[in-house]
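Have a look at the structure below before the remarks.
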Amino acid sequence: MAGSGRLRARFALTSCAVALALCGPGVALARADTPIAEPNDNIVQAFGPLSPGETYSGSLDSPNDVDRLLLYVNGAKQIDIAVTKVGAGCSGSLDAELRNGDGGYIGSGSPSSDGTAHIGVGAPGAGILLLTLTGTCAGNPYQVVAGPADAITTVPSGPIPRPSASPNSTAEPNDDVAHASAPVAAMQWYGGEMASPNDVDMYAIDVNGAKQIDVAVAKVGAGCNGTVDAELRNADGGYIGSASPSSDTFAQIQATTAAAGRIYLKVSGTCAGNAYEVLAGPADAIGGNTGGRDGPSVKPRVFGPGGIVVSPSNRRCLSRRNFRIRIRNIHGVTVAAAAVFVNGRRVRLIRGRRLRAPVDLRGLPKGRYTVRIRVFTTDGRTLTGQRKYRTCSPRRPGGSPPL
Ligand SMILES: [Ca+2]
Ligand SMILES: [Ca+2]
């Protein structure tokens, strides 16, 4: 009988250990911790967003395990992240580091066994925070509590959404402007991988006006080295900006565009096997009306204001029958070659920093002359245009009606 009493007592103790809620000394134990699920090692797997005030429990399960937790902060607020190392575990401490989504260091702590480290800092502004927990051995349990409730939110905040575990996919070949991935939709993550050391991935981005743009590039996982390189350029090759995000952070290229048009994001690296994601925003700047229809399907203007050809107006007759036209790159058009004809006769082009064509109407009878131009672009298009000029004698300046 005494034996069965001991058994009952042992059973009661065991159920007490299992059901902390019923037997624990305080109210704090009434609510079970929320387990931190694996996989959570990289930026797209990050566990979260964490709710303020809630206790999350996890464990560093192997010497190489990384636990990444995602939080949203809703402004430039003071925050407190409490990290507790639970029990003796496999080593005397573990490391916790808090960074912005873009990799900017915010704070860190290294709690000892059964101790709590507080990362109490001012967050720089609304957006994503990533808390990374690491150790050096297999088996270190921990708990995390983030607050306060007026700063930590589960509602997405900041200009850049969290990198996606299932981004839009892109296909090779996409190594140059002519093969760039179709224009990206605003505020959506697109995923790719640097498949070889020489791989280049090119993305077309249509900006719909003179706008502030924000292009984010995330490096997903440790990959084959620490960074990928991203560069944003105009269609004519003009540099806009660049960034090199480190593993499991995103970097932003912020710029103001001069006008509507297509720009290109080039992602490159130096080794085989770096996964990344790209996103273009904000929503009111990307896609939609790019000053016509979409990118190359828009016929760029050849003559006239903003056109490829810079030439005298034909609204008045030309008393000087000797002039020069220039052929220039415009937004979305890079000129590879051109041919200029006056009344069907080909004019010799002068190469320099820009293509120029001297048009000499001297010695020709008075009348109307057609200047016709064919432009071949670097992305394989042929653009044509023509303009009629009228010659006249200086005795009747401005006497002719506009053509
Ligand atoms: Ca992990
Ligand atoms: Ca490629």
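Simple scheme: letters A, B, ... for chains in structure tokens order, numbers from 1 for residues in each chain, numbers from 1 for ligands in the order shown.
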Counting only C-alpha atoms, what is within 10 Å of A:Leu265, bar same-chain residues fewer than 6 positions away, as an NGL selection string? :A and (177 or 180-181 or 201-205 or 215 or 217 or 230-234 or 240-242 or 278 or 280)
Need to verify the contact set: A:Thr249, 8 Å, only C-alpha atoms, exclusion of same-chain residues closer than 5 positions in sequence. Can you return it as a ChimeraX atom specification? /A:43,101-103,218-220
Residues up to 9 Å from ligand 2, counting only C-alpha atoms and all ligand atoms: could you list those as a short mmCIF file (atom, residue, chain, number, x, y, z; two decimals) with N, CA and C atoms, in the first residue's frame?
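Dumped to pocket33.cif:
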data_model
loop_
_atom_site.label_atom_id
_atom_site.label_comp_id
_atom_site.auth_asym_id
_atom_site.auth_seq_id
_atom_site.Cartn_x
_atom_site.Cartn_y
_atom_site.Cartn_z
N ALA A 171 13.30 33.31 -65.35
CA ALA A 171 13.93 32.25 -66.15
C ALA A 171 15.16 32.76 -66.89
N GLU A 172 16.12 31.86 -67.08
CA GLU A 172 17.27 32.14 -67.94
C GLU A 172 16.83 31.87 -69.38
N PRO A 173 17.44 32.42 -70.40
CA PRO A 173 18.53 33.39 -70.27
C PRO A 173 18.00 34.80 -69.98
N ASN A 174 18.71 35.51 -69.16
CA ASN A 174 18.33 36.88 -68.81
C ASN A 174 19.58 37.70 -68.56
N ASP A 175 20.64 37.37 -69.33
CA ASP A 175 21.95 37.94 -69.01
C ASP A 175 22.21 39.33 -69.57
N ASP A 176 21.36 39.81 -70.46
CA ASP A 176 21.60 41.16 -70.98
C ASP A 176 20.28 41.89 -71.16
N ALA A 180 16.33 40.74 -70.83
CA ALA A 180 15.93 41.05 -69.45
C ALA A 180 14.59 40.41 -69.13
N GLY A 192 15.81 34.70 -57.85
CA GLY A 192 16.74 34.18 -58.84
C GLY A 192 17.96 33.62 -58.14
N GLU A 193 18.84 33.07 -58.96
CA GLU A 193 20.08 32.53 -58.39
C GLU A 193 21.23 32.78 -59.36
N MET A 194 22.35 33.15 -58.81
CA MET A 194 23.56 33.27 -59.60
C MET A 194 24.07 31.84 -59.81
N ALA A 195 23.77 31.29 -61.00
CA ALA A 195 24.01 29.87 -61.22
C ALA A 195 25.47 29.55 -61.50
N SER A 196 26.22 30.53 -61.98
CA SER A 196 27.64 30.31 -62.26
C SER A 196 28.39 31.59 -61.91
N ASN A 198 29.93 33.56 -63.68
CA ASN A 198 29.76 34.62 -64.69
C ASN A 198 28.31 34.99 -64.93
N ASP A 199 27.41 34.36 -64.19
CA ASP A 199 25.99 34.62 -64.43
C ASP A 199 25.66 36.08 -64.12
N VAL A 200 24.81 36.63 -64.97
CA VAL A 200 24.26 37.97 -64.77
C VAL A 200 22.76 37.84 -64.93
N ASP A 201 22.00 38.45 -64.07
CA ASP A 201 20.54 38.45 -64.24
C ASP A 201 20.08 39.89 -64.40
N MET A 202 19.33 40.12 -65.45
CA MET A 202 18.90 41.48 -65.78
C MET A 202 17.38 41.58 -65.64
N VAL A 267 21.91 42.03 -61.61
CA VAL A 267 22.40 41.32 -60.42
C VAL A 267 23.54 40.43 -60.87
N SER A 268 24.64 40.46 -60.13
CA SER A 268 25.79 39.64 -60.50
C SER A 268 26.54 39.22 -59.25
#
Of the listed residues A:Val66, A:Ala251, A:Val144, A:Ala46, that which approaches ligand 1 most closely, counting only C-alpha atoms and all ligand atoms: A:Val66
Residues of chain A within 7 Å of ligand 1: nearest atom pair and distance (Å, one decimal) for each, counting only C-alpha atoms and all ligand atoms, sorted by chain and number, as JSON lines?
{"residue": "A:Glu38", "atom": "CA", "partner": "ligand 1", "partner_atom_place_in_ligand_line": "1 (Ca)", "distance": 5.5}
{"residue": "A:Pro39", "atom": "CA", "partner": "ligand 1", "partner_atom_place_in_ligand_line": "1 (Ca)", "distance": 5.5}
{"residue": "A:Asn40", "atom": "CA", "partner": "ligand 1", "partner_atom_place_in_ligand_line": "1 (Ca)", "distance": 4.6}
{"residue": "A:Asp41", "atom": "CA", "partner": "ligand 1", "partner_atom_place_in_ligand_line": "1 (Ca)", "distance": 4.4}
{"residue": "A:Leu60", "atom": "CA", "partner": "ligand 1", "partner_atom_place_in_ligand_line": "1 (Ca)", "distance": 6.6}
{"residue": "A:Asp65", "atom": "CA", "partner": "ligand 1", "partner_atom_place_in_ligand_line": "1 (Ca)", "distance": 4.9}
{"residue": "A:Val66", "atom": "CA", "partner": "ligand 1", "partner_atom_place_in_ligand_line": "1 (Ca)", "distance": 4.3}
{"residue": "A:Asp67", "atom": "CA", "partner": "ligand 1", "partner_atom_place_in_ligand_line": "1 (Ca)", "distance": 3.9}
{"residue": "A:Arg68", "atom": "CA", "partner": "ligand 1", "partner_atom_place_in_ligand_line": "1 (Ca)", "distance": 6.8}
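Of the residues under consideration (A:Leu364, A:Ala255, A:Leu129, A:Ala235), A:Ala235 shows the shortest atom-to-atom contact distance to A:Asn329 when counting only C-alpha atoms.
Closest approach to A:Thr132 among A:Thr377, A:Ser57, A:Thr116, A:Ser108 is made by A:Ser108 (distances from only C-alpha atoms).
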Please return as a PyMOL selection string: the residues of stretch 16-204 of chain A that backbone DSSP assigns to helix (DSSP H, G or I). chain A and resi 16-18+20-23+27-30+177-179
Can you spit out the residues from that selection as a short mmCIF file (atom, residue, chain, number, x, y, z; two decimals), in the first residue's frame, using C-alpha atoms?
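Result file is result05.cif:
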data_model
loop_
_atom_site.label_atom_id
_atom_site.label_comp_id
_atom_site.auth_asym_id
_atom_site.auth_seq_id
_atom_site.Cartn_x
_atom_site.Cartn_y
_atom_site.Cartn_z
CA CYS A 16 2.55 18.74 -12.49
CA ALA A 17 5.68 19.00 -14.62
CA VAL A 18 3.65 18.44 -17.79
CA LEU A 20 2.66 23.78 -15.60
CA ALA A 21 -0.51 25.75 -15.93
CA LEU A 22 -2.20 23.85 -13.12
CA CYS A 23 0.71 23.47 -10.72
CA VAL A 27 0.08 33.43 -13.29
CA ALA A 28 3.04 33.87 -15.66
CA LEU A 29 3.12 30.14 -16.18
CA ALA A 30 -0.56 29.99 -17.07
CA VAL A 177 19.22 44.02 -71.66
CA ALA A 178 17.80 42.31 -74.75
CA HIS A 179 16.91 39.25 -72.65
#
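Considering only C-alpha atoms, the residue among A:Val86, A:Cys137, A:Ile325, A:Leu130 positioned nearest to A:Ala357 is A:Ile325.
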DSSP strand (DSSP E) residues within stretch 37-130 of chain A, as a ChimeraX atom specification: /A:55-60,66-73,78-85,95-100,105-109,116-122,127-130
Dump of N, CA and C atoms for the selected residues, as a tab-separated table (two decimals), in the first residue's frame:
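Everything below was put into result14.tsv:
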chain	number	residue	atom	x	y	z
A	55	THR	N	5.69	35.12	-25.19
A	55	THR	CA	6.94	34.39	-24.93
A	55	THR	C	7.11	33.31	-26.00
A	56	TYR	N	8.20	33.40	-26.70
A	56	TYR	CA	8.51	32.40	-27.73
A	56	TYR	C	9.67	31.55	-27.24
A	57	SER	N	9.57	30.24	-27.47
A	57	SER	CA	10.68	29.38	-27.04
A	57	SER	C	11.21	28.60	-28.22
A	58	GLY	N	12.53	28.53	-28.29
A	58	GLY	CA	13.20	27.80	-29.36
A	58	GLY	C	14.46	27.16	-28.83
A	59	SER	N	15.20	26.58	-29.75
A	59	SER	CA	16.44	25.92	-29.34
A	59	SER	C	17.41	25.92	-30.51
A	60	LEU	N	18.66	26.17	-30.18
A	60	LEU	CA	19.71	26.04	-31.19
A	60	LEU	C	20.13	24.58	-31.18
A	66	VAL	N	21.14	28.38	-36.95
A	66	VAL	CA	20.88	29.81	-36.82
A	66	VAL	C	19.37	29.94	-36.69
A	67	ASP	N	18.90	30.69	-35.73
A	67	ASP	CA	17.48	30.96	-35.66
A	67	ASP	C	17.28	32.45	-35.95
A	68	ARG	N	16.44	32.70	-36.97
A	68	ARG	CA	16.21	34.08	-37.38
A	68	ARG	C	14.75	34.40	-37.10
A	69	LEU	N	14.52	35.46	-36.34
A	69	LEU	CA	13.17	35.86	-35.98
A	69	LEU	C	12.89	37.24	-36.56
A	70	LEU	N	11.66	37.40	-37.07
A	70	LEU	CA	11.31	38.66	-37.73
A	70	LEU	C	10.34	39.46	-36.87
A	71	LEU	N	10.60	40.75	-36.78
A	71	LEU	CA	9.71	41.65	-36.04
A	71	LEU	C	9.42	42.87	-36.92
A	72	TYR	N	8.25	43.44	-36.71
A	72	TYR	CA	7.95	44.73	-37.33
A	72	TYR	C	7.90	45.78	-36.23
A	73	VAL	N	8.58	46.89	-36.47
A	73	VAL	CA	8.48	48.02	-35.56
A	73	VAL	C	7.74	49.12	-36.32
A	78	GLN	N	11.42	53.25	-29.01
A	78	GLN	CA	12.27	52.50	-28.10
A	78	GLN	C	11.69	51.08	-27.99
A	79	ILE	N	12.55	50.10	-28.18
A	79	ILE	CA	12.07	48.72	-28.09
A	79	ILE	C	12.93	47.94	-27.10
A	80	ASP	N	12.41	46.82	-26.66
A	80	ASP	CA	13.15	45.95	-25.75
A	80	ASP	C	12.95	44.50	-26.17
A	81	ILE	N	14.05	43.84	-26.50
A	81	ILE	CA	13.98	42.43	-26.85
A	81	ILE	C	14.70	41.67	-25.73
A	82	ALA	N	13.95	40.85	-25.00
A	82	ALA	CA	14.53	40.08	-23.90
A	82	ALA	C	14.82	38.67	-24.39
A	83	VAL	N	16.08	38.26	-24.28
A	83	VAL	CA	16.48	36.92	-24.70
A	83	VAL	C	16.99	36.18	-23.47
A	84	THR	N	16.34	35.07	-23.14
A	84	THR	CA	16.71	34.29	-21.96
A	84	THR	C	17.31	32.96	-22.40
A	85	LYS	N	18.44	32.60	-21.84
A	85	LYS	CA	19.00	31.27	-22.10
A	85	LYS	C	18.43	30.34	-21.03
A	95	ASP	N	24.36	33.76	-28.43
A	95	ASP	CA	24.47	35.13	-28.95
A	95	ASP	C	23.19	35.54	-29.67
A	96	ALA	N	22.74	36.73	-29.39
A	96	ALA	CA	21.57	37.30	-30.07
A	96	ALA	C	21.96	38.64	-30.66
A	97	GLU	N	21.57	38.88	-31.91
A	97	GLU	CA	21.94	40.13	-32.58
A	97	GLU	C	20.71	40.67	-33.31
A	98	LEU	N	20.47	41.96	-33.14
A	98	LEU	CA	19.31	42.59	-33.77
A	98	LEU	C	19.79	43.55	-34.86
A	99	ARG	N	19.23	43.36	-36.05
A	99	ARG	CA	19.59	44.24	-37.17
A	99	ARG	C	18.33	44.69	-37.90
A	100	ASN	N	18.45	45.80	-38.60
A	100	ASN	CA	17.39	46.20	-39.53
A	100	ASN	C	17.33	45.17	-40.64
A	105	TYR	N	23.19	47.39	-38.05
A	105	TYR	CA	23.28	46.86	-36.70
A	105	TYR	C	22.47	47.71	-35.73
A	106	ILE	N	21.68	47.07	-34.89
A	106	ILE	CA	20.91	47.80	-33.88
A	106	ILE	C	21.42	47.50	-32.48
A	107	GLY	N	21.58	46.22	-32.16
A	107	GLY	CA	22.06	45.88	-30.81
A	107	GLY	C	22.27	44.39	-30.69
A	108	SER	N	22.89	43.98	-29.59
A	108	SER	CA	23.13	42.55	-29.39
A	108	SER	C	23.20	42.23	-27.91
A	109	GLY	N	23.14	40.95	-27.61
A	109	GLY	CA	23.25	40.49	-26.23
A	109	GLY	C	23.65	39.03	-26.21
A	116	THR	N	18.97	36.55	-18.55
A	116	THR	CA	18.26	37.26	-19.62
A	116	THR	C	19.09	38.46	-20.06
A	117	ALA	N	19.26	38.60	-21.37
A	117	ALA	CA	19.90	39.80	-21.92
A	117	ALA	C	18.82	40.65	-22.57
A	118	HIS	N	18.83	41.95	-22.28
A	118	HIS	CA	17.86	42.86	-22.89
A	118	HIS	C	18.55	43.66	-23.98
A	119	ILE	N	18.00	43.58	-25.18
A	119	ILE	CA	18.47	44.49	-26.24
A	119	ILE	C	17.47	45.63	-26.22
A	120	GLY	N	17.83	46.70	-25.50
A	120	GLY	CA	16.95	47.85	-25.34
A	120	GLY	C	17.52	49.00	-26.14
A	121	VAL	N	16.88	49.32	-27.23
A	121	VAL	CA	17.44	50.31	-28.15
A	121	VAL	C	16.33	51.12	-28.80
A	122	GLY	N	16.73	52.21	-29.46
A	122	GLY	CA	15.78	52.97	-30.26
A	122	GLY	C	15.81	52.45	-31.69
A	127	GLY	N	9.62	49.45	-39.98
A	127	GLY	CA	10.15	48.45	-40.91
A	127	GLY	C	10.47	47.14	-40.23
A	128	ILE	N	11.22	46.34	-40.97
A	128	ILE	CA	11.54	44.98	-40.53
A	128	ILE	C	12.78	44.98	-39.64
A	129	LEU	N	12.72	44.20	-38.57
A	129	LEU	CA	13.89	43.92	-37.75
A	129	LEU	C	14.11	42.41	-37.78
A	130	LEU	N	15.36	42.01	-37.76
A	130	LEU	CA	15.68	40.59	-37.71
A	130	LEU	C	16.54	40.30	-36.50
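The closest residue to A:Gly223, picked from A:Gly306, A:Gly344, A:Pro161, A:Gly273 and counting only C-alpha atoms, is A:Gly273.
By only C-alpha atoms, and with residues fewer than 6 positions from A:Gln188 along its chain excluded, the set lying at most 8 Å from it is Pro167, Asn168, Leu279 and Ala280 of chain A.
Checking A:Val340, A:Ile152, A:Ala210, A:Leu133 one by one against A:Ile286, counting only C-alpha atoms, you find the shortest gap at A:Ala210.
Note that the spacing between atom CA of A:Cys271 and atom CA of A:Pro63 amounts to 25.5 Å.
Separating atom CA of A:Leu383 from atom CA of A:Pro305 is a distance of 16.1 Å.
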